[in-house]
Amino acid sequence: MTLVVVAVLLLAVAYLVAAAVVPFAPATASTTTYRAPTATAPEVTFPQYGATAVAAEGFPESLTTSGDRQPRSIASISKVVTALVVLEQKPLGAGQQGPDVVFTPAMQALYGQYAAQNGEVAPLPSDLRLSEYRAFQVMLMKSANNYAGSLALWAYGSMDAYRAAAATWLHQHGLDDTTIMEPTGLDPRNRSTATDLVDLGSLALADPLVAEIVRTPTADVPGVGTVENSNKLLGIDGIEGIKTGTLDEAGACLLFAATYQRGGRTVTVVGAMLGGVDHDALDDDVRKLLHSVADDFHTVTLTNQGQTFGRYTTPWQDPVDAVAAEPASVLVWGRVTVRARATLEPVTLGTSGERVGTVRFTVSHHDPVTVPLRLGGAIEDPGVWWRWANPFRGAEPVGS
């Protein structure tokens with residue numbers, strides 16, 4: 001009888017010890033349903049004529065168009081191509097004046113040639129020597145055709161060579177719907193689409209020299225006088241360029257750019273409007289368009305700090321949330337789709353704030369955003385009394 005009692009006591013002790021030390025399996029993890037934020041559809045104010053395209057750099061979803069999509073005459077917007085093509089042959093860094101442009105008799109003769117076509121011209125004295133930078137100012141700000149033609153001849157030696165270089169440059173930059181026959185824009189066969197011009201505008205702004213000149217209101221150029229920028233919208237509503245254009249076959253045209261502060265960052269909007277009746281009406285329409293585009297930027301909150309994305313449930317029914325470790329938001333334009341996918345790591349016991357996974361947000365047209373998940377509270381051992389009262393409940397399976 002004594003041996004039986006001893007055996008029972010030994011078995012009881014063994015049970016209590018085993019129940020007290022057996023390891024638990026990880027808590028059951030489950031993710032919660034994510035309620036995506038909503039965003040309103042964009043409302044863009046377009047004119048009822050010609051062709052227009054507009055986009056915010058870094059926001060591909062913002063590219064919107066109106067009117068026809070066929071190549072149109074672009075008038076003096078052509079000079080932006082001329083500037084960039086000349087810079088391919090005669091590079092000029094930011095803050096540099098560059099070499100002097102020596103104006104040959106052939107270049108001086110362009111004054112009369114373009115004036116006879118009622119084109120914009122600027123004084124060109126026979127003994128004038130200007131730096132490349134100054135010549136660019138006269139071409140881009142005053143839109144002087146004789147300076148555009150002179151720079152093309154200076155860089156390439158002939159109009160045919162310039163035309164070939166322009167065609168190569170356009171192809172290299174994917175502007176396949178743009179045709180440049182000559183450097184000024186007086187030829188109506190200089191044509192492009194509004195969407196191609198948006199890309200051209202971004203290329204212009206990416207060049208520090210061109211970007212600086214097109215946003216300059218006035219400049220005093222030796223031998224030429226005070227040069228005023230033909231773009232009357234400069235400095236209004238954040239507008240910083242880029243180039244006007246006027247031709248009977250083209251109407252009033254504008255390649256424009258404006259910058260705004262949205263969501264703690266600088267946003268640049270580039271657009272082109274072709275086929276206006278006159279520049280006063282066109283300028284009003286550009287301002288309305290830019291206002292509407294700027295108003296469609298908004299910050300979407302992906303998560304708040306502490307927002308729940310999952311839950312751990314222990315065998316002793318002590319649930320602990322997996323929460324976002326930090327807030328996250330993204331600046332968007334117009335309507336976007338937001339999805340979230342939480343990934344939880346196995347957890348048996350853990351301290352409050354311990355990292356236990358991630359949540360990855362995918363936002364249409366934007367790079368994914370990943371936020372760490374942490375325990376919203378501690379997962380603590382339930383203690384020996386619970387273990388004894390719930391023998392081997394939630395124990396780690398053998399061989400796992």
# chains A, B, ... in the order shown; residues from 1 in each chain; ligands from 1

$ residues_around --residues "Glu354 (chain A)" --least-positions-apart "2" --cutoff "8 Å" --atoms "only C-alpha atoms" --output "PyMOL selection string"
chain A and resi 350-352+356+374-375

$ residues_around --residues "Trp316 (chain A)" --least-positions-apart "3" --cutoff "10 Å" --atoms "only C-alpha atoms" --output "VMD selection string"
chain A and resid 27 313 319 381 to 382 386 to 387 390 393 to 394

$ residues_around --residues "Leu151 (chain A)" --least-positions-apart "4" --cutoff "9 Å" --atoms "only C-alpha atoms" --output "list of chain:residue names"
A:Thr82, A:Ala83, A:Val86, A:Val101, A:Met107, A:Glu132, A:Ala135, A:Phe136, A:Met139, A:Asn146, A:Tyr147, A:Ala155, A:Tyr156, A:Pro183

$ select_by_dssp --residues "region 198-381 of chain A" --states "alpha helix (DSSP H)" --output "JSON, numbers by chain"
{"A": [198, 199, 200, 201, 202, 203, 204, 205, 206, 208, 209, 210, 211, 212, 213, 214, 279, 280, 281, 282, 283, 284, 285, 286, 287, 288, 289, 290, 291, 292, 293, 294, 295]}

$ select_by_dssp --residues "region 308-369 of chain A" --states "strand (DSSP E or B)" --output "MDAnalysis selection string"
chainID A and resid 308:313 320:324 328:333 338:344 350 355:363 369

$ residues_around --residues "region 33-38 of chain A" --least-positions-apart "5" --cutoff "10 Å" --atoms "only C-alpha atoms" --output "PyMOL selection string"
chain A and resi 300-303+308-310+335-342+361

$ decode --residues "region 337-381 of chain A" --atoms "N, CA and C atoms" --output "PDB file, in the first residue's frame"
ATOM      1  N   THR A 337      -6.181  53.989 -55.547  1.00  0.00           N
ATOM      2  CA  THR A 337      -6.593  52.771 -54.845  1.00  0.00           C
ATOM      3  C   THR A 337      -5.516  52.404 -53.832  1.00  0.00           C
ATOM      4  N   VAL A 338      -5.939  52.145 -52.592  1.00  0.00           N
ATOM      5  CA  VAL A 338      -5.008  51.796 -51.525  1.00  0.00           C
ATOM      6  C   VAL A 338      -5.348  50.402 -51.010  1.00  0.00           C
ATOM      7  N   ARG A 339      -4.332  49.557 -50.910  1.00  0.00           N
ATOM      8  CA  ARG A 339      -4.501  48.215 -50.343  1.00  0.00           C
ATOM      9  C   ARG A 339      -3.436  48.004 -49.277  1.00  0.00           C
ATOM     10  N   ALA A 340      -3.757  47.156 -48.306  1.00  0.00           N
ATOM     11  CA  ALA A 340      -2.819  46.867 -47.219  1.00  0.00           C
ATOM     12  C   ALA A 340      -2.715  45.361 -47.026  1.00  0.00           C
ATOM     13  N   ARG A 341      -1.488  44.883 -46.782  1.00  0.00           N
ATOM     14  CA  ARG A 341      -1.262  43.466 -46.511  1.00  0.00           C
ATOM     15  C   ARG A 341      -0.362  43.352 -45.290  1.00  0.00           C
ATOM     16  N   ALA A 342      -0.935  42.807 -44.219  1.00  0.00           N
ATOM     17  CA  ALA A 342      -0.179  42.664 -42.969  1.00  0.00           C
ATOM     18  C   ALA A 342       0.459  41.283 -42.912  1.00  0.00           C
ATOM     19  N   THR A 343       1.688  41.226 -42.434  1.00  0.00           N
ATOM     20  CA  THR A 343       2.409  39.976 -42.225  1.00  0.00           C
ATOM     21  C   THR A 343       2.818  39.902 -40.763  1.00  0.00           C
ATOM     22  N   LEU A 344       2.336  38.851 -40.055  1.00  0.00           N
ATOM     23  CA  LEU A 344       2.600  38.698 -38.634  1.00  0.00           C
ATOM     24  C   LEU A 344       3.580  37.555 -38.401  1.00  0.00           C
ATOM     25  N   GLU A 345       4.538  37.769 -37.521  1.00  0.00           N
ATOM     26  CA  GLU A 345       5.515  36.747 -37.173  1.00  0.00           C
ATOM     27  C   GLU A 345       4.982  35.879 -36.028  1.00  0.00           C
ATOM     28  N   PRO A 346       5.466  34.635 -35.919  1.00  0.00           N
ATOM     29  CA  PRO A 346       5.029  33.798 -34.788  1.00  0.00           C
ATOM     30  C   PRO A 346       5.478  34.403 -33.458  1.00  0.00           C
ATOM     31  N   VAL A 347       4.572  34.446 -32.499  1.00  0.00           N
ATOM     32  CA  VAL A 347       4.872  35.008 -31.181  1.00  0.00           C
ATOM     33  C   VAL A 347       4.260  34.095 -30.125  1.00  0.00           C
ATOM     34  N   THR A 348       5.059  33.722 -29.137  1.00  0.00           N
ATOM     35  CA  THR A 348       4.551  32.950 -28.006  1.00  0.00           C
ATOM     36  C   THR A 348       4.364  33.868 -26.804  1.00  0.00           C
ATOM     37  N   LEU A 349       5.459  34.489 -26.364  1.00  0.00           N
ATOM     38  CA  LEU A 349       5.422  35.501 -25.317  1.00  0.00           C
ATOM     39  C   LEU A 349       6.163  36.726 -25.842  1.00  0.00           C
ATOM     40  N   GLY A 350       5.750  37.903 -25.448  1.00  0.00           N
ATOM     41  CA  GLY A 350       6.408  39.103 -25.947  1.00  0.00           C
ATOM     42  C   GLY A 350       6.133  40.304 -25.079  1.00  0.00           C
ATOM     43  N   THR A 351       7.010  41.286 -25.197  1.00  0.00           N
ATOM     44  CA  THR A 351       6.856  42.519 -24.431  1.00  0.00           C
ATOM     45  C   THR A 351       6.120  43.571 -25.254  1.00  0.00           C
ATOM     46  N   SER A 352       5.500  44.494 -24.590  1.00  0.00           N
ATOM     47  CA  SER A 352       4.789  45.580 -25.268  1.00  0.00           C
ATOM     48  C   SER A 352       5.771  46.395 -26.112  1.00  0.00           C
ATOM     49  N   GLY A 353       5.413  46.649 -27.357  1.00  0.00           N
ATOM     50  CA  GLY A 353       6.271  47.418 -28.253  1.00  0.00           C
ATOM     51  C   GLY A 353       7.220  46.565 -29.073  1.00  0.00           C
ATOM     52  N   GLU A 354       7.255  45.277 -28.826  1.00  0.00           N
ATOM     53  CA  GLU A 354       8.140  44.378 -29.572  1.00  0.00           C
ATOM     54  C   GLU A 354       7.678  44.279 -31.032  1.00  0.00           C
ATOM     55  N   ARG A 355       8.630  44.319 -31.959  1.00  0.00           N
ATOM     56  CA  ARG A 355       8.275  44.239 -33.377  1.00  0.00           C
ATOM     57  C   ARG A 355       7.825  42.828 -33.719  1.00  0.00           C
ATOM     58  N   VAL A 356       6.672  42.727 -34.382  1.00  0.00           N
ATOM     59  CA  VAL A 356       6.095  41.407 -34.668  1.00  0.00           C
ATOM     60  C   VAL A 356       5.674  41.252 -36.127  1.00  0.00           C
ATOM     61  N   GLY A 357       6.026  42.205 -36.995  1.00  0.00           N
ATOM     62  CA  GLY A 357       5.651  42.077 -38.402  1.00  0.00           C
ATOM     63  C   GLY A 357       5.652  43.404 -39.116  1.00  0.00           C
ATOM     64  N   THR A 358       5.020  43.425 -40.261  1.00  0.00           N
ATOM     65  CA  THR A 358       4.936  44.637 -41.071  1.00  0.00           C
ATOM     66  C   THR A 358       3.575  44.710 -41.749  1.00  0.00           C
ATOM     67  N   VAL A 359       3.222  45.903 -42.165  1.00  0.00           N
ATOM     68  CA  VAL A 359       2.076  46.089 -43.043  1.00  0.00           C
ATOM     69  C   VAL A 359       2.574  46.856 -44.262  1.00  0.00           C
ATOM     70  N   ARG A 360       2.264  46.342 -45.431  1.00  0.00           N
ATOM     71  CA  ARG A 360       2.744  46.917 -46.686  1.00  0.00           C
ATOM     72  C   ARG A 360       1.551  47.505 -47.445  1.00  0.00           C
ATOM     73  N   PHE A 361       1.633  48.814 -47.699  1.00  0.00           N
ATOM     74  CA  PHE A 361       0.574  49.511 -48.412  1.00  0.00           C
ATOM     75  C   PHE A 361       0.966  49.659 -49.881  1.00  0.00           C
ATOM     76  N   THR A 362       0.062  49.327 -50.752  1.00  0.00           N
ATOM     77  CA  THR A 362       0.260  49.585 -52.178  1.00  0.00           C
ATOM     78  C   THR A 362      -0.741  50.660 -52.590  1.00  0.00           C
ATOM     79  N   VAL A 363      -0.195  51.709 -53.175  1.00  0.00           N
ATOM     80  CA  VAL A 363      -0.989  52.858 -53.602  1.00  0.00           C
ATOM     81  C   VAL A 363      -0.796  53.001 -55.101  1.00  0.00           C
ATOM     82  N   SER A 364      -1.876  53.024 -55.849  1.00  0.00           N
ATOM     83  CA  SER A 364      -1.771  53.072 -57.304  1.00  0.00           C
ATOM     84  C   SER A 364      -0.894  54.243 -57.743  1.00  0.00           C
ATOM     85  N   HIS A 365       0.044  53.934 -58.664  1.00  0.00           N
ATOM     86  CA  HIS A 365       0.958  54.910 -59.256  1.00  0.00           C
ATOM     87  C   HIS A 365       2.048  55.390 -58.288  1.00  0.00           C
ATOM     88  N   HIS A 366       2.143  54.789 -57.115  1.00  0.00           N
ATOM     89  CA  HIS A 366       3.139  55.229 -56.137  1.00  0.00           C
ATOM     90  C   HIS A 366       3.957  54.033 -55.659  1.00  0.00           C
ATOM     91  N   ASP A 367       5.127  54.308 -55.115  1.00  0.00           N
ATOM     92  CA  ASP A 367       5.942  53.249 -54.531  1.00  0.00           C
ATOM     93  C   ASP A 367       5.263  52.702 -53.281  1.00  0.00           C
ATOM     94  N   PRO A 368       5.432  51.399 -53.011  1.00  0.00           N
ATOM     95  CA  PRO A 368       4.834  50.827 -51.792  1.00  0.00           C
ATOM     96  C   PRO A 368       5.399  51.481 -50.536  1.00  0.00           C
ATOM     97  N   VAL A 369       4.598  51.463 -49.484  1.00  0.00           N
ATOM     98  CA  VAL A 369       4.994  52.005 -48.186  1.00  0.00           C
ATOM     99  C   VAL A 369       4.887  50.878 -47.162  1.00  0.00           C
ATOM    100  N   THR A 370       5.960  50.639 -46.419  1.00  0.00           N
ATOM    101  CA  THR A 370       5.977  49.571 -45.418  1.00  0.00           C
ATOM    102  C   THR A 370       6.130  50.168 -44.023  1.00  0.00           C
ATOM    103  N   VAL A 371       5.284  49.718 -43.111  1.00  0.00           N
ATOM    104  CA  VAL A 371       5.280  50.216 -41.732  1.00  0.00           C
ATOM    105  C   VAL A 371       5.456  49.030 -40.785  1.00  0.00           C
ATOM    106  N   PRO A 372       6.354  49.127 -39.787  1.00  0.00           N
ATOM    107  CA  PRO A 372       6.516  48.042 -38.810  1.00  0.00           C
ATOM    108  C   PRO A 372       5.264  47.886 -37.942  1.00  0.00           C
ATOM    109  N   LEU A 373       5.012  46.654 -37.525  1.00  0.00           N
ATOM    110  CA  LEU A 373       3.945  46.368 -36.567  1.00  0.00           C
ATOM    111  C   LEU A 373       4.576  45.964 -35.241  1.00  0.00           C
ATOM    112  N   ARG A 374       4.003  46.437 -34.136  1.00  0.00           N
ATOM    113  CA  ARG A 374       4.515  46.126 -32.809  1.00  0.00           C
ATOM    114  C   ARG A 374       3.370  45.645 -31.921  1.00  0.00           C
ATOM    115  N   LEU A 375       3.728  44.925 -30.874  1.00  0.00           N
ATOM    116  CA  LEU A 375       2.709  44.475 -29.930  1.00  0.00           C
ATOM    117  C   LEU A 375       2.136  45.672 -29.175  1.00  0.00           C
ATOM    118  N   GLY A 376       0.802  45.730 -29.141  1.00  0.00           N
ATOM    119  CA  GLY A 376       0.157  46.813 -28.411  1.00  0.00           C
ATOM    120  C   GLY A 376       0.131  46.588 -26.911  1.00  0.00           C
ATOM    121  N   GLY A 377       0.546  45.418 -26.478  1.00  0.00           N
ATOM    122  CA  GLY A 377       0.636  45.091 -25.054  1.00  0.00           C
ATOM    123  C   GLY A 377       1.519  43.872 -24.896  1.00  0.00           C
ATOM    124  N   ALA A 378       1.738  43.470 -23.649  1.00  0.00           N
ATOM    125  CA  ALA A 378       2.608  42.319 -23.401  1.00  0.00           C
ATOM    126  C   ALA A 378       1.819  41.011 -23.497  1.00  0.00           C
ATOM    127  N   ILE A 379       2.489  39.975 -23.993  1.00  0.00           N
ATOM    128  CA  ILE A 379       1.963  38.606 -23.924  1.00  0.00           C
ATOM    129  C   ILE A 379       2.798  37.899 -22.862  1.00  0.00           C
ATOM    130  N   GLU A 380       2.220  37.716 -21.694  1.00  0.00           N
ATOM    131  CA  GLU A 380       2.962  37.198 -20.553  1.00  0.00           C
ATOM    132  C   GLU A 380       2.546  35.770 -20.242  1.00  0.00           C
ATOM    133  N   ASP A 381       3.459  35.060 -19.608  1.00  0.00           N
ATOM    134  CA  ASP A 381       3.169  33.701 -19.186  1.00  0.00           C
ATOM    135  C   ASP A 381       1.978  33.721 -18.213  1.00  0.00           C
TER     136      ASP A 381
END
